[in-house]
Structure formats: structure tokens, C-alpha cells
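Asks: Contents of upload-v8.pdb (PDB, C-alpha atoms and all ligand atoms) are below:
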```pdb
MODEL        1
ATOM      1  CA  MET X   1       1.207  -5.369  82.873
ATOM      2  CA  LEU X   2       3.946  -6.225  80.429
ATOM      3  CA  GLY X   3       6.449  -4.495  82.682
ATOM      4  CA  ARG X   4       5.405  -6.761  85.540
ATOM      5  CA  GLN X   5       5.465  -9.859  83.341
ATOM      6  CA  TYR X   6       9.012  -9.143  82.216
ATOM      7  CA  GLY X   7      10.556  -8.053  85.461
ATOM      8  CA  ALA X   8      11.612  -4.752  86.902
ATOM      9  CA  MET X   9      12.052  -2.727  83.741
ATOM     10  CA  ASN X  10      11.920   0.963  84.582
ATOM     11  CA  LEU X  11      11.889   2.041  80.952
ATOM     12  CA  PRO X  12       8.651   2.882  79.163
ATOM     13  CA  VAL X  13       7.433  -0.229  77.383
ATOM     14  CA  ALA X  14       5.217   1.893  75.139
ATOM     15  CA  GLN X  15       8.244   3.418  73.399
ATOM     16  CA  ASP X  16       7.720   2.703  69.688
ATOM     17  CA  LEU X  17      10.762   1.463  67.778
ATOM     18  CA  SER X  18       8.859   0.401  64.649
ATOM     19  CA  GLY X  19      11.079   0.766  61.597
ATOM     20  CA  GLN X  20      14.235   0.778  63.737
ATOM     21  CA  VAL X  21      16.941  -1.838  63.203
ATOM     22  CA  ALA X  22      19.346  -2.986  65.918
ATOM     23  CA  LEU X  23      22.252  -5.410  66.018
ATOM     24  CA  VAL X  24      23.167  -6.899  69.404
ATOM     25  CA  THR X  25      26.275  -9.033  69.871
ATOM     26  CA  GLY X  26      26.150 -11.892  72.367
ATOM     27  CA  ALA X  27      22.342 -11.865  72.298
ATOM     28  CA  ASN X  28      21.882 -15.571  73.031
ATOM     29  CA  THR X  29      22.172 -15.215  76.785
ATOM     30  CA  GLY X  30      22.616 -12.860  79.753
ATOM     31  CA  ILE X  31      22.370  -9.112  79.291
ATOM     32  CA  GLY X  32      22.388  -9.323  75.485
ATOM     33  CA  ARG X  33      19.393 -11.621  75.414
ATOM     34  CA  ILE X  34      17.269  -9.244  77.511
ATOM     35  CA  THR X  35      18.492  -6.264  75.482
ATOM     36  CA  ALA X  36      17.487  -7.896  72.177
ATOM     37  CA  ARG X  37      14.126  -9.004  73.541
ATOM     38  CA  GLU X  38      13.253  -5.590  74.975
ATOM     39  CA  LEU X  39      14.185  -3.811  71.735
ATOM     40  CA  ALA X  40      12.049  -6.240  69.707
ATOM     41  CA  ARG X  41       9.194  -5.873  72.184
ATOM     42  CA  ARG X  42       9.178  -2.143  71.425
ATOM     43  CA  GLY X  43       8.923  -2.777  67.678
ATOM     44  CA  ALA X  44      12.542  -2.912  66.474
ATOM     45  CA  ASP X  45      13.900  -5.509  64.090
ATOM     46  CA  VAL X  46      16.843  -7.072  65.874
ATOM     47  CA  PHE X  47      19.838  -8.959  64.506
ATOM     48  CA  LEU X  48      21.215 -11.369  67.104
ATOM     49  CA  ALA X  49      24.925 -11.696  66.330
ATOM     50  CA  THR X  50      26.175 -14.820  68.078
ATOM     51  CA  ARG X  51      28.457 -17.834  67.684
ATOM     52  CA  SER X  52      25.822 -20.531  67.702
ATOM     53  CA  LEU X  53      22.390 -20.807  66.097
ATOM     54  CA  ALA X  54      21.521 -23.692  68.409
ATOM     55  CA  ARG X  55      22.186 -21.515  71.470
ATOM     56  CA  THR X  56      20.307 -18.580  69.927
ATOM     57  CA  GLN X  57      17.221 -20.426  68.661
ATOM     58  CA  PRO X  58      15.392 -20.265  72.039
ATOM     59  CA  VAL X  59      15.790 -16.464  72.001
ATOM     60  CA  LEU X  60      14.614 -16.233  68.373
ATOM     61  CA  ASP X  61      11.574 -18.329  69.334
ATOM     62  CA  GLU X  62      10.908 -16.279  72.455
ATOM     63  CA  ILE X  63      10.973 -13.022  70.480
ATOM     64  CA  ALA X  64       8.776 -14.420  67.690
ATOM     65  CA  GLN X  65       6.237 -15.571  70.251
ATOM     66  CA  LEU X  66       6.330 -12.301  72.147
ATOM     67  CA  THR X  67       6.027  -9.990  69.142
ATOM     68  CA  GLY X  68       3.973 -12.176  66.795
ATOM     69  CA  ARG X  69       6.242 -11.201  63.915
ATOM     70  CA  PRO X  70       9.650 -12.239  62.551
ATOM     71  CA  ALA X  71      11.345  -9.498  64.553
ATOM     72  CA  ALA X  72      14.612 -11.317  65.289
ATOM     73  CA  HIS X  73      17.224 -12.582  62.852
ATOM     74  CA  TRP X  74      20.321 -14.630  63.515
ATOM     75  CA  ILE X  75      23.683 -13.616  62.130
ATOM     76  CA  GLU X  76      26.834 -15.609  62.855
ATOM     77  CA  LEU X  77      29.632 -13.819  64.685
ATOM     78  CA  ASP X  78      32.768 -15.097  66.379
ATOM     79  CA  LEU X  79      34.602 -12.087  67.752
ATOM     80  CA  ALA X  80      37.746 -14.172  68.293
ATOM     81  CA  ASP X  81      38.072 -14.535  64.505
ATOM     82  CA  LEU X  82      38.280 -11.362  62.418
ATOM     83  CA  ALA X  83      37.313 -13.240  59.237
ATOM     84  CA  SER X  84      34.040 -14.094  60.989
ATOM     85  CA  VAL X  85      33.584 -10.427  61.993
ATOM     86  CA  ARG X  86      34.073  -9.383  58.351
ATOM     87  CA  THR X  87      31.581 -11.990  57.124
ATOM     88  CA  CYS X  88      29.042 -10.893  59.740
ATOM     89  CA  ALA X  89      29.323  -7.240  58.649
ATOM     90  CA  GLU X  90      29.153  -8.180  54.945
ATOM     91  CA  ARG X  91      26.003 -10.214  55.529
ATOM     92  CA  PHE X  92      24.370  -7.434  57.483
ATOM     93  CA  LEU X  93      25.261  -4.814  54.862
ATOM     94  CA  ALA X  94      24.088  -7.096  52.048
ATOM     95  CA  ALA X  95      20.661  -7.326  53.683
ATOM     96  CA  GLY X  96      20.269  -3.648  52.746
ATOM     97  CA  ARG X  97      18.831  -2.616  56.104
ATOM     98  CA  PRO X  98      19.546   0.614  57.968
ATOM     99  CA  LEU X  99      21.267   0.350  61.353
ATOM    100  CA  HIS X 100      19.990   2.611  64.114
ATOM    101  CA  LEU X 101      21.504   0.819  67.072
ATOM    102  CA  LEU X 102      24.640  -1.266  67.454
ATOM    103  CA  VAL X 103      25.042  -2.894  70.870
ATOM    104  CA  ASN X 104      28.574  -4.167  71.403
ATOM    105  CA  ASN X 105      27.590  -6.435  74.265
ATOM    106  CA  ALA X 106      29.358  -9.801  73.881
ATOM    107  CA  GLY X 107      32.233 -10.421  76.211
ATOM    108  CA  LEU X 108      34.229 -13.001  78.039
ATOM    109  CA  GLY X 109      36.248 -13.033  81.191
ATOM    110  CA  GLY X 110      38.667 -15.514  82.656
ATOM    111  CA  GLN X 111      39.612 -17.263  79.405
ATOM    112  CA  ARG X 112      43.253 -17.497  78.463
ATOM    113  CA  GLY X 113      45.007 -17.668  75.126
ATOM    114  CA  LEU X 114      45.325 -15.852  71.825
ATOM    115  CA  THR X 115      42.721 -15.091  69.166
ATOM    116  CA  ARG X 116      43.145 -16.459  65.628
ATOM    117  CA  ASP X 117      44.574 -13.093  64.587
ATOM    118  CA  GLY X 118      47.146 -12.959  67.374
ATOM    119  CA  PHE X 119      45.605 -10.768  70.063
ATOM    120  CA  GLU X 120      45.394 -11.602  73.762
ATOM    121  CA  MET X 121      42.110 -13.539  73.994
ATOM    122  CA  THR X 122      40.011 -11.257  76.218
ATOM    123  CA  PHE X 123      41.225  -8.034  74.601
ATOM    124  CA  GLY X 124      40.781  -9.590  71.150
ATOM    125  CA  VAL X 125      37.159 -10.595  71.749
ATOM    126  CA  ASN X 126      35.974  -7.746  73.974
ATOM    127  CA  HIS X 127      37.693  -4.882  72.140
ATOM    128  CA  ILE X 128      39.332  -5.781  68.801
ATOM    129  CA  GLY X 129      36.398  -7.786  67.424
ATOM    130  CA  HIS X 130      33.956  -5.002  68.324
ATOM    131  CA  PHE X 131      36.311  -2.335  66.984
ATOM    132  CA  LEU X 132      36.338  -4.028  63.577
ATOM    133  CA  LEU X 133      32.599  -4.694  63.568
ATOM    134  CA  THR X 134      31.853  -1.057  64.388
ATOM    135  CA  GLN X 135      34.264   0.232  61.739
ATOM    136  CA  LEU X 136      32.712  -2.007  59.072
ATOM    137  CA  LEU X 137      29.207  -0.829  60.016
ATOM    138  CA  ARG X 138      30.180   2.811  60.525
ATOM    139  CA  GLU X 139      28.992   4.112  57.143
ATOM    140  CA  ARG X 140      25.648   2.347  57.542
ATOM    141  CA  LEU X 141      25.210   3.863  61.013
ATOM    142  CA  LEU X 142      26.006   7.307  59.607
ATOM    143  CA  ALA X 143      23.560   6.814  56.741
ATOM    144  CA  SER X 144      20.882   5.754  59.264
ATOM    145  CA  ALA X 145      21.382   8.658  61.723
ATOM    146  CA  PRO X 146      20.124   9.389  64.264
ATOM    147  CA  ALA X 147      21.827   6.230  65.461
ATOM    148  CA  ARG X 148      23.635   4.966  68.540
ATOM    149  CA  VAL X 149      26.495   2.661  69.464
ATOM    150  CA  VAL X 150      26.295   1.215  72.977
ATOM    151  CA  THR X 151      29.362  -0.654  74.209
ATOM    152  CA  VAL X 152      28.991  -2.785  77.314
ATOM    153  CA  ALA X 153      32.148  -2.136  79.327
ATOM    154  CA  SER X 154      32.489  -2.619  83.082
ATOM    155  CA  ARG X 155      33.447  -0.805  86.238
ATOM    156  CA  ALA X 156      36.341  -3.279  86.266
ATOM    157  CA  HIS X 157      38.022  -0.914  83.789
ATOM    158  CA  GLN X 158      39.040   1.294  86.700
ATOM    159  CA  TRP X 159      41.487  -1.311  88.023
ATOM    160  CA  ALA X 160      43.320  -1.686  84.692
ATOM    161  CA  PRO X 161      46.926  -0.590  85.150
ATOM    162  CA  GLY X 162      47.124   0.738  81.566
ATOM    163  CA  LEU X 163      47.601  -0.643  78.068
ATOM    164  CA  ASP X 164      50.751  -2.682  77.497
ATOM    165  CA  TRP X 165      50.932  -2.833  73.679
ATOM    166  CA  ASP X 166      53.288  -5.835  73.659
ATOM    167  CA  ALA X 167      51.147  -7.862  76.076
ATOM    168  CA  LEU X 168      48.081  -7.230  73.909
ATOM    169  CA  ARG X 169      49.794  -9.221  71.162
ATOM    170  CA  GLN X 170      50.695 -12.175  73.399
ATOM    171  CA  PRO X 171      48.778 -15.001  75.099
ATOM    172  CA  THR X 172      47.108 -14.158  78.399
ATOM    173  CA  ARG X 173      49.762 -13.745  81.084
ATOM    174  CA  SER X 174      47.788 -13.675  84.335
ATOM    175  CA  LEU X 175      46.607 -17.007  85.709
ATOM    176  CA  THR X 176      43.011 -15.922  86.180
ATOM    177  CA  GLY X 177      42.672 -13.655  83.131
ATOM    178  CA  ILE X 178      41.135 -11.027  85.405
ATOM    179  CA  ARG X 179      43.819  -8.420  84.747
ATOM    180  CA  GLU X 180      43.306  -8.864  81.009
ATOM    181  CA  TYR X 181      39.534  -8.493  81.509
ATOM    182  CA  MET X 182      40.095  -5.134  83.244
ATOM    183  CA  VAL X 183      42.340  -4.025  80.390
ATOM    184  CA  SER X 184      39.765  -5.048  77.781
ATOM    185  CA  LYS X 185      37.090  -3.065  79.605
ATOM    186  CA  LEU X 186      39.348  -0.010  79.781
ATOM    187  CA  ALA X 187      39.698  -0.407  76.009
ATOM    188  CA  ASN X 188      35.870  -0.502  75.698
ATOM    189  CA  VAL X 189      35.491   2.832  77.511
ATOM    190  CA  LEU X 190      38.358   4.486  75.590
ATOM    191  CA  PHE X 191      36.981   3.178  72.283
ATOM    192  CA  SER X 192      33.487   4.506  72.953
ATOM    193  CA  ALA X 193      34.867   7.920  73.937
ATOM    194  CA  GLU X 194      37.119   8.183  70.866
ATOM    195  CA  LEU X 195      34.323   7.039  68.549
ATOM    196  CA  GLY X 196      32.079   9.678  70.121
ATOM    197  CA  ARG X 197      34.676  12.355  69.415
ATOM    198  CA  GLN X 198      35.137  11.208  65.813
ATOM    199  CA  LEU X 199      31.385  11.102  65.148
ATOM    200  CA  ALA X 200      30.499  14.347  66.950
ATOM    201  CA  GLY X 201      27.835  16.239  64.998
ATOM    202  CA  SER X 202      27.087  13.258  62.734
ATOM    203  CA  GLY X 203      23.908  12.153  64.511
ATOM    204  CA  VAL X 204      25.565   8.934  65.713
ATOM    205  CA  SER X 205      26.108   8.979  69.474
ATOM    206  CA  THR X 206      28.081   6.522  71.578
ATOM    207  CA  TYR X 207      27.800   5.260  75.152
ATOM    208  CA  ALA X 208      29.887   2.963  77.353
ATOM    209  CA  VAL X 209      28.021   1.063  80.050
ATOM    210  CA  HIS X 210      28.681  -0.634  83.360
ATOM    211  CA  PRO X 211      25.713  -2.999  83.821
ATOM    212  CA  GLY X 212      26.310  -3.766  87.509
ATOM    213  CA  VAL X 213      27.368  -7.162  88.812
ATOM    214  CA  VAL X 214      24.924  -9.433  87.045
ATOM    215  CA  ASP X 215      24.057 -13.103  87.482
ATOM    216  CA  THR X 216      24.947 -14.346  83.970
ATOM    217  CA  GLU X 217      27.194 -16.927  82.339
ATOM    218  CA  ILE X 218      30.103 -14.465  82.389
ATOM    219  CA  TRP X 219      31.073 -15.993  85.723
ATOM    220  CA  ARG X 220      31.388 -19.499  84.258
ATOM    221  CA  GLN X 221      35.183 -19.350  84.542
ATOM    222  CA  VAL X 222      35.209 -18.124  88.137
ATOM    223  CA  PRO X 223      36.084 -20.969  90.523
ATOM    224  CA  ARG X 224      32.961 -22.218  92.329
ATOM    225  CA  LEU X 225      34.496 -21.490  95.716
ATOM    226  CA  LEU X 226      34.680 -17.771  94.924
ATOM    227  CA  ARG X 227      31.126 -17.422  93.630
ATOM    228  CA  PRO X 228      29.475 -16.719  97.032
ATOM    229  CA  LEU X 229      31.658 -13.587  97.168
ATOM    230  CA  LEU X 230      29.829 -12.303  94.095
ATOM    231  CA  LYS X 231      26.493 -12.670  95.858
ATOM    232  CA  LEU X 232      27.829 -10.486  98.652
ATOM    233  CA  ARG X 233      28.372  -7.752  96.065
ATOM    234  CA  GLY X 234      24.648  -7.654  95.306
ATOM    235  CA  LEU X 235      24.163  -9.668  92.124
ATOM    236  CA  ARG X 236      21.530  -8.298  89.760
ATOM    237  CA  ASP X 237      19.359 -10.477  87.568
ATOM    238  CA  PRO X 238      19.836 -10.086  83.772
ATOM    239  CA  GLU X 239      16.677  -7.955  83.510
ATOM    240  CA  GLN X 240      18.176  -5.441  85.925
ATOM    241  CA  GLY X 241      21.554  -5.875  84.263
ATOM    242  CA  ALA X 242      20.153  -4.778  80.884
ATOM    243  CA  GLN X 243      18.660  -1.554  82.275
ATOM    244  CA  THR X 244      21.582   0.755  81.638
ATOM    245  CA  THR X 245      22.220  -0.654  78.161
ATOM    246  CA  LEU X 246      18.552  -0.041  77.311
ATOM    247  CA  TYR X 247      18.648   3.406  78.875
ATOM    248  CA  CYS X 248      21.612   4.342  76.671
ATOM    249  CA  ALA X 249      19.995   2.743  73.626
ATOM    250  CA  LEU X 250      16.664   4.492  74.106
ATOM    251  CA  GLN X 251      16.884   7.532  76.325
ATOM    252  CA  ALA X 252      20.326   8.913  77.148
ATOM    253  CA  PRO X 253      20.751  12.399  75.662
ATOM    254  CA  PRO X 254      22.554  12.350  72.285
ATOM    255  CA  GLN X 255      24.689  15.309  73.388
ATOM    256  CA  GLU X 256      26.229  13.080  76.055
ATOM    257  CA  THR X 257      27.956  11.091  73.338
ATOM    258  CA  GLY X 258      31.189   9.358  74.309
ATOM    259  CA  ARG X 259      30.278   9.266  77.983
ATOM    260  CA  TYR X 260      30.154   6.455  80.542
ATOM    261  CA  TYR X 261      26.982   5.283  82.284
ATOM    262  CA  ALA X 262      26.053   3.063  85.229
ATOM    263  CA  ASP X 263      22.688   2.703  86.986
ATOM    264  CA  SER X 264      21.134   4.570  84.029
ATOM    265  CA  ALA X 265      23.059   7.709  84.949
ATOM    266  CA  LEU X 266      26.216   9.478  83.833
ATOM    267  CA  LYS X 267      29.277   8.387  85.796
ATOM    268  CA  THR X 268      32.905   9.430  85.744
ATOM    269  CA  PRO X 269      35.182   6.657  84.490
ATOM    270  CA  SER X 270      38.768   6.189  85.659
ATOM    271  CA  ARG X 271      41.434   8.794  84.975
ATOM    272  CA  LEU X 272      43.012   6.562  82.315
ATOM    273  CA  ALA X 273      39.639   6.039  80.641
ATOM    274  CA  GLN X 274      39.285   9.811  80.279
ATOM    275  CA  ASP X 275      42.664  10.286  78.596
ATOM    276  CA  PRO X 276      42.090  11.327  74.948
ATOM    277  CA  ARG X 277      45.730  10.637  74.049
ATOM    278  CA  LEU X 278      45.487   7.055  75.289
ATOM    279  CA  ALA X 279      42.204   6.671  73.378
ATOM    280  CA  ALA X 280      43.844   7.945  70.183
ATOM    281  CA  GLU X 281      46.808   5.594  70.716
ATOM    282  CA  LEU X 282      44.454   2.646  71.203
ATOM    283  CA  TRP X 283      42.675   3.651  68.001
ATOM    284  CA  ARG X 284      45.964   3.658  66.075
ATOM    285  CA  PHE X 285      46.921   0.282  67.574
ATOM    286  CA  SER X 286      43.506  -1.216  66.735
ATOM    287  CA  LYS X 287      43.528   0.201  63.195
ATOM    288  CA  GLN X 288      46.326  -2.187  62.214
ATOM    289  CA  ILE X 289      43.647  -4.826  61.610
ATOM    290  CA  LEU X 290      41.963  -2.719  58.941
ATOM    291  CA  SER X 291      44.826  -2.908  56.419
TER     292      SER X 291
HETATM  293  N1  LIG X 301      27.710 -10.077  84.331
HETATM  294  C1  LIG X 301      28.366  -9.084  84.917
HETATM  295  O1  LIG X 301      28.435  -9.003  86.148
HETATM  296  C2  LIG X 301      29.050  -8.042  84.079
HETATM  297  C3  LIG X 301      29.660  -6.959  84.746
HETATM  298  C4  LIG X 301      30.271  -5.973  84.008
HETATM  299  C5  LIG X 301      30.266  -6.063  82.626
HETATM  300  N2  LIG X 301      29.675  -7.122  82.002
HETATM  301  C6  LIG X 301      29.709  -7.183  80.543
HETATM  302  O2  LIG X 301      28.419  -7.414  80.037
HETATM  303  C7  LIG X 301      28.523  -8.013  78.739
HETATM  304  C8  LIG X 301      27.538  -9.159  78.626
HETATM  305  O3  LIG X 301      27.955 -10.178  79.508
HETATM  306  P1  LIG X 301      26.960 -11.107  80.333
HETATM  307  O4  LIG X 301      27.163 -10.785  81.752
HETATM  308  O5  LIG X 301      25.609 -11.070  79.763
HETATM  309  O6  LIG X 301      27.685 -12.521  80.104
HETATM  310  P2  LIG X 301      27.273 -13.880  79.388
HETATM  311  O7  LIG X 301      25.959 -14.349  79.893
HETATM  312  O8  LIG X 301      28.454 -14.762  79.555
HETATM  313  O9  LIG X 301      27.137 -13.456  77.870
HETATM  314  C9  LIG X 301      28.266 -13.143  77.113
HETATM  315  C10 LIG X 301      27.940 -13.243  75.645
HETATM  316  O10 LIG X 301      29.140 -12.989  74.898
HETATM  317  C11 LIG X 301      29.269 -14.011  73.933
HETATM  318  N3  LIG X 301      30.629 -14.259  73.495
HETATM  319  C12 LIG X 301      31.692 -14.684  74.228
HETATM  320  N4  LIG X 301      32.754 -14.888  73.422
HETATM  321  C13 LIG X 301      32.353 -14.591  72.154
HETATM  322  C14 LIG X 301      32.979 -14.613  70.881
HETATM  323  N5  LIG X 301      34.241 -15.019  70.727
HETATM  324  N6  LIG X 301      32.266 -14.240  69.804
HETATM  325  C15 LIG X 301      30.973 -13.856  69.926
HETATM  326  N7  LIG X 301      30.317 -13.823  71.104
HETATM  327  C16 LIG X 301      31.004 -14.194  72.202
HETATM  328  C17 LIG X 301      28.688 -15.254  74.602
HETATM  329  O11 LIG X 301      28.405 -16.229  73.626
HETATM  330  P3  LIG X 301      28.433 -17.805  73.991
HETATM  331  O12 LIG X 301      27.161 -18.071  74.727
HETATM  332  O13 LIG X 301      28.511 -18.450  72.641
HETATM  333  O14 LIG X 301      29.657 -18.028  74.825
HETATM  334  C18 LIG X 301      27.450 -14.642  75.231
HETATM  335  O15 LIG X 301      26.442 -14.483  74.269
HETATM  336  C19 LIG X 301      29.988  -8.414  78.573
HETATM  337  O16 LIG X 301      30.647  -7.486  77.740
HETATM  338  C20 LIG X 301      30.527  -8.334  79.989
HETATM  339  O17 LIG X 301      31.908  -8.069  80.026
HETATM  340  C21 LIG X 301      29.062  -8.112  82.699
ENDMDL
END
```
Translate this file's structure into C-alpha cells.
Ligand SMILES: NC(=O)c1ccc[n+]([C@@H]2O[C@H](COP(=O)([O-])OP(=O)(O)OC[C@H]3O[C@@H](n4cnc5c(N)ncnc54)[C@H](OP(=O)(O)O)[C@@H]3O)[C@@H](O)[C@H]2O)c1
Replies:
Amino acid sequence: MLGRQYGAMNLPVAQDLSGQVALVTGANTGIGRITARELARRGADVFLATRSLARTQPVLDEIAQLTGRPAAHWIELDLADLASVRTCAERFLAAGRPLHLLVNNAGLGGQRGLTRDGFEMTFGVNHIGHFLLTQLLRERLLASAPARVVTVASRAHQWAPGLDWDALRQPTRSLTGIREYMVSKLANVLFSAELGRQLAGSGVSTYAVHPGVVDTEIWRQVPRLLRPLLKLRGLRDPEQGAQTTLYCALQAPPQETGRYYADSALKTPSRLAQDPRLAAELWRFSKQILS
């Protein structure tokens, strides 16, 4: 019944996540909102890491009503500001909770500019902010194993021409920001793979996800005239869009750590996304923010 009430969720609702703690970035809307709600519905305590309490309150209320318990907690996070990422991680760690599931879901596309810390805007938010957050929570994930890190990437990664280290430190060059979005999503897949390699045997497994083309606010920057084209590509609703994230969070085999998933199944990412040397180079580049 619940499955029908909450849309076409193919995953078992009865799965019991009592005692499990999850943190989902960008949980106020779109795919992140459904992900947080479905985890809480299965018994997890969920931290909703977002920029705005006002925009998150309806989701907090929805989860409280659905679960009948204070299952959702707000934690402020602006991925375009590394000081905010540090504060978010400090607050989570200070709460003294384990962390069984980190969902690096937040993302933007089509915005131009530079983050506070001098990274190209889309790369800075989609990759660098999540890189730092994951690094700061890494020890807690390890101490909570078995644990998982799910990073919401995109099939758009396959059109990224590569990583231009200079461009990643400059304001968005393309007019639409689409090229930079592809690059940021390539970084998501490389990051997840490299993290999987580093954490092999630790009990923490990692997954990169393509959610499909989903009817969410991510398209807010796309000119209205172009939006009908998206419909032609078979837009999914956010419930369907959260399926693969939830599959990786709940069911994907731990031994498939570091791999890439779409439609709740293993997929082969682009040639560049499979390059361990490029992944290691990206790791070295990203690590500069840790010093
Ligand atoms: N929708 C698709 O077709 C599609 C396809 C492939 C991949 N994806 C990926 O799926 C993920 C979720 O996107 P969605 O489709 O659910 O889009 P969405 O509805 O636009 O949600 C994106 C979320 O990211 C948050 N966010 C943006 N900038 C942020 C920042 N600086 N700091 C913290 N949070 C920030 C947004 O917060 P605000 O509400 O405060 O802006 C929002 O919660 C993204 O990583 C996206 O790239 C989506």
C-alpha cells in the first residue's frame, strides 16, 4: 500500500534501517528530497544538508508526519563555500552520531561564475564541495562500517572532453555552463571510483549514479524554449529519479564498490571516467583544499 501511495518505488519498503544514520545533500527538493524521505520511511535517521531551512522545512515536516518520529534533522550546507562545508561536517561530527550512508546528491547546472574559494562554479559545487565533505566525514564512515557513499553523477559525464586544470580555477567559460556541468559529472564518477579504490576492504563502499533525466529544479537555468526537448527524452518524475540512488544506498553489492550505476544496474562509464591515472590526478588537484 505504501509503495502505491508513494509512487513507483520498486525497492522493498519493509527494509529496516532502524539505527542507521544517513546524510543527504540537497535534500530539500528533487531527487534528494525523495531519497531522504524513503530512507527515513525505512527507519533511518536522516540529516538533510541544505542551504536553506525555509526551503527544507516542508520536507522535515513531511518526514515527521510520515514516520511519527523526529527522523529528519536539518544541517546547513553551502557547497559553494568551503567554510560552510567545514562547519557542516564539524556540526555533524559533534552530534556524536555514526554515519552509515553519505549521499552526495546536491548539484547545479547552467550557473556561471566562481565559488568563494576560487573554483569554477559548477565544478566547485558538484565536485569540490562534496570532495571536502566526504574527506571530513571519512573517519566517521570508516568507524561506522559497513557504510556507503553514493555520489549522484550523470550520464552527461560521457561528453566531458577531459579535465582542464587551469579552467577549473577560472570563472565558467561556456555561455550555457553545460560543458562545465559535464566536466563536474566526470569528476563525480572519477572521485567515486578513486574513493572506492582507497577504501577497498574497509567496509565502506562507493557508488556513482546516473538518475535518468528527471523533472526537477535542476532545469531551472535551461531556457524555456528548450524545455520541450527534455520531455522528448522521457523525463522521469523525482520518485523514479531517486530509484538508482536508493538501490545503491540499500541493495547494490558492496563488492561492486567504485562502480557506476544507472537504472539500478551496473553500467560502463566513459573511457575517461575509467582512467585510474586521471582519477588519481583529480584527487591530487582536489586535495589542495585540505591544507
Ligand atoms: N534532474 C536530472 O535530470 C538529473 C540528471 C542527471 C543527474 N542529476 C543530478 O542529480 C542531482 C540532484 O539534482 P536534482 O535533479 O534533484 O535537481 P534539483 O531539484 O535542482 O536539486 C538540486 C539540489 O542541489 C542543491 N544545491 C545547489 N547548489 C547548492 C549549493 N551551493 N550548496 C548546497 N546545495 C546546493 C539545491 O539546493 P537549492 O534548492 O537551495 O538550490 C537542491 O537541493 C544533482 O547532482 C544533478 O546533477 C540530475
Asks: For stretch 42-134 of chain X against stretch 197-207 of chain X, with a cut-off of 12 Å and counting only C-alpha atoms, what is the closest atom pair and its distance in Å to one decimal for every residue that makes the cut, ordered by chain and number, as a Markdown table?
Replies:
```
| residue | atom | partner | partner_atom | distance |
| --- | --- | --- | --- | --- |
| X:Leu99 | CA | X:Val204 | CA | 10.5 |
| X:His100 | CA | X:Val204 | CA | 8.6 |
| X:Leu101 | CA | X:Val204 | CA | 9.2 |
| X:Leu102 | CA | X:Thr206 | CA | 9.5 |
| X:Val103 | CA | X:Tyr207 | CA | 9.6 |
| X:Asn104 | CA | X:Tyr207 | CA | 10.2 |
| X:Asn105 | CA | X:Tyr207 | CA | 11.7 |
| X:Thr134 | CA | X:Thr206 | CA | 11.1 |
```
Asks: Store the residues picked out above, limited to C-alpha atoms, as a compact mmCIF listing (two decimals), keeping the file's coordinate frame.
Replies:
```txt
# COMPACT_ATOMS: atom_id res chain seq x y z
CA LEU X 99 21.27 0.35 61.35
CA HIS X 100 19.99 2.61 64.11
CA LEU X 101 21.50 0.82 67.07
CA LEU X 102 24.64 -1.27 67.45
CA VAL X 103 25.04 -2.89 70.87
CA ASN X 104 28.57 -4.17 71.40
CA ASN X 105 27.59 -6.44 74.26
CA THR X 134 31.85 -1.06 64.39
```
Asks: Show me which residues are within 8 Å of ligand LIG 301 (chain X) counting all atoms listed in the file, and format the list as a PyMOL selection string.
Replies: chain X and resi 25-33+49-52+55+77-81+104-109+125-126+151-156+181+185+209-220+235-236+238+241
Asks: Let me know the residues the PyMOL selection byres (((chain X and resi 85) around 12) and not hetatm) catches in the file above, as a VMD selection string.
Replies: chain X and resid 25 49 to 51 75 to 84 86 to 92 116 to 117 124 to 125 128 to 137 289 to 290
Asks: Name the residues captured by the PyMOL selection byres (((chain X and resi 60-74) around 9) and not hetatm) when it is applied to the shown file; answer as a PyMOL selection string.
Replies: chain X and resi 28+36-38+40-50+53+56-59+75-76
Asks: For the atom pair atom CA of X:Ala167 and atom CA of X:Glu180, what is the interatomic distance in Å to one decimal place?
Replies: 9.3 Å
Asks: Taking only C-alpha atoms into account, which of X:Leu39, X:Gly118, X:Ala208, X:Ala187 comes nearest X:Ser18?
Replies: X:Leu39
Asks: With a distance cut-off of 12 Å and all atoms listed in the file, select the neighbouring residues of X:Arg179, excluding the residue or stretch itself and same-chain residues fewer than 6 positions from it, and output the selection as a tab-separated table (two decimals) with C-alpha atoms, in the coordinates of the input.
Replies:
```tsv
chain	number	residue	atom	x	y	z
X	109	GLY	CA	36.25	-13.03	81.19
X	110	GLY	CA	38.67	-15.51	82.66
X	111	GLN	CA	39.61	-17.26	79.40
X	112	ARG	CA	43.25	-17.50	78.46
X	120	GLU	CA	45.39	-11.60	73.76
X	122	THR	CA	40.01	-11.26	76.22
X	123	PHE	CA	41.22	-8.03	74.60
X	156	ALA	CA	36.34	-3.28	86.27
X	157	HIS	CA	38.02	-0.91	83.79
X	158	GLN	CA	39.04	1.29	86.70
X	159	TRP	CA	41.49	-1.31	88.02
X	160	ALA	CA	43.32	-1.69	84.69
X	161	PRO	CA	46.93	-0.59	85.15
X	162	GLY	CA	47.12	0.74	81.57
X	163	LEU	CA	47.60	-0.64	78.07
X	164	ASP	CA	50.75	-2.68	77.50
X	167	ALA	CA	51.15	-7.86	76.08
X	168	LEU	CA	48.08	-7.23	73.91
X	172	THR	CA	47.11	-14.16	78.40
X	173	ARG	CA	49.76	-13.74	81.08
X	185	LYS	CA	37.09	-3.06	79.60
X	186	LEU	CA	39.35	-0.01	79.78
```
Asks: Assuming the chain letters and numbering stay as they are in my file, what does the PyMOL selection byres (((chain X and resi 282) around 12) and not hetatm) actually select? List them as a PyMOL selection string.
Replies: chain X and resi 123+127-128+131+162-165+168+183-184+186-195+272-273+275-281+283-288
Asks: Could you please determine the separation between atom CA of X:Thr35 and atom CA of X:Ala242 in Å, to one decimal place?
Replies: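 The value is 5.8 Å.
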Asks: Stretch 264-270 of chain X, all listed atoms, 8 Å padding on each side: what axis-aligned box centre and edge lengths in Å to one decimal come out, as JSON?
Replies:
```
{"center_x": 30.0, "center_y": 7.0, "center_z": 84.8, "size_x": 33.6, "size_y": 20.9, "size_z": 18.0}
```
Asks: By how many Å are atom CA of X:Arg148 and atom CA of X:Thr115 apart?
Replies: 27.7 Å
Asks: With distances taken over all atoms listed in the file, which residue among X:Gly113, X:Gly196, X:Gly234, X:Pro146 lies nearest X:Ser174?
Replies: X:Gly113
Asks: Which one is closest to X:Arg97: X:Tyr260, X:Glu139, X:Ser144, X:Leu114? Count only C-alpha atoms.
Replies: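 Of the candidates, the smallest distance to X:Arg97 is held by X:Ser144.
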Asks: So which one's closest to X:Arg138, X:Ala262, X:Ile178, X:Leu17, X:Leu93? Using all atoms listed in the file, please.
Replies: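 That would be X:Leu93, the residue with the smallest distance to X:Arg138.
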Asks: Which residue is closest to X:Asp263? Choose from X:Thr245, X:Pro98, X:Asp237, X:Phe119 and count all atoms listed in the file.
Replies: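 Smallest distance to X:Asp263 is found for X:Thr245.
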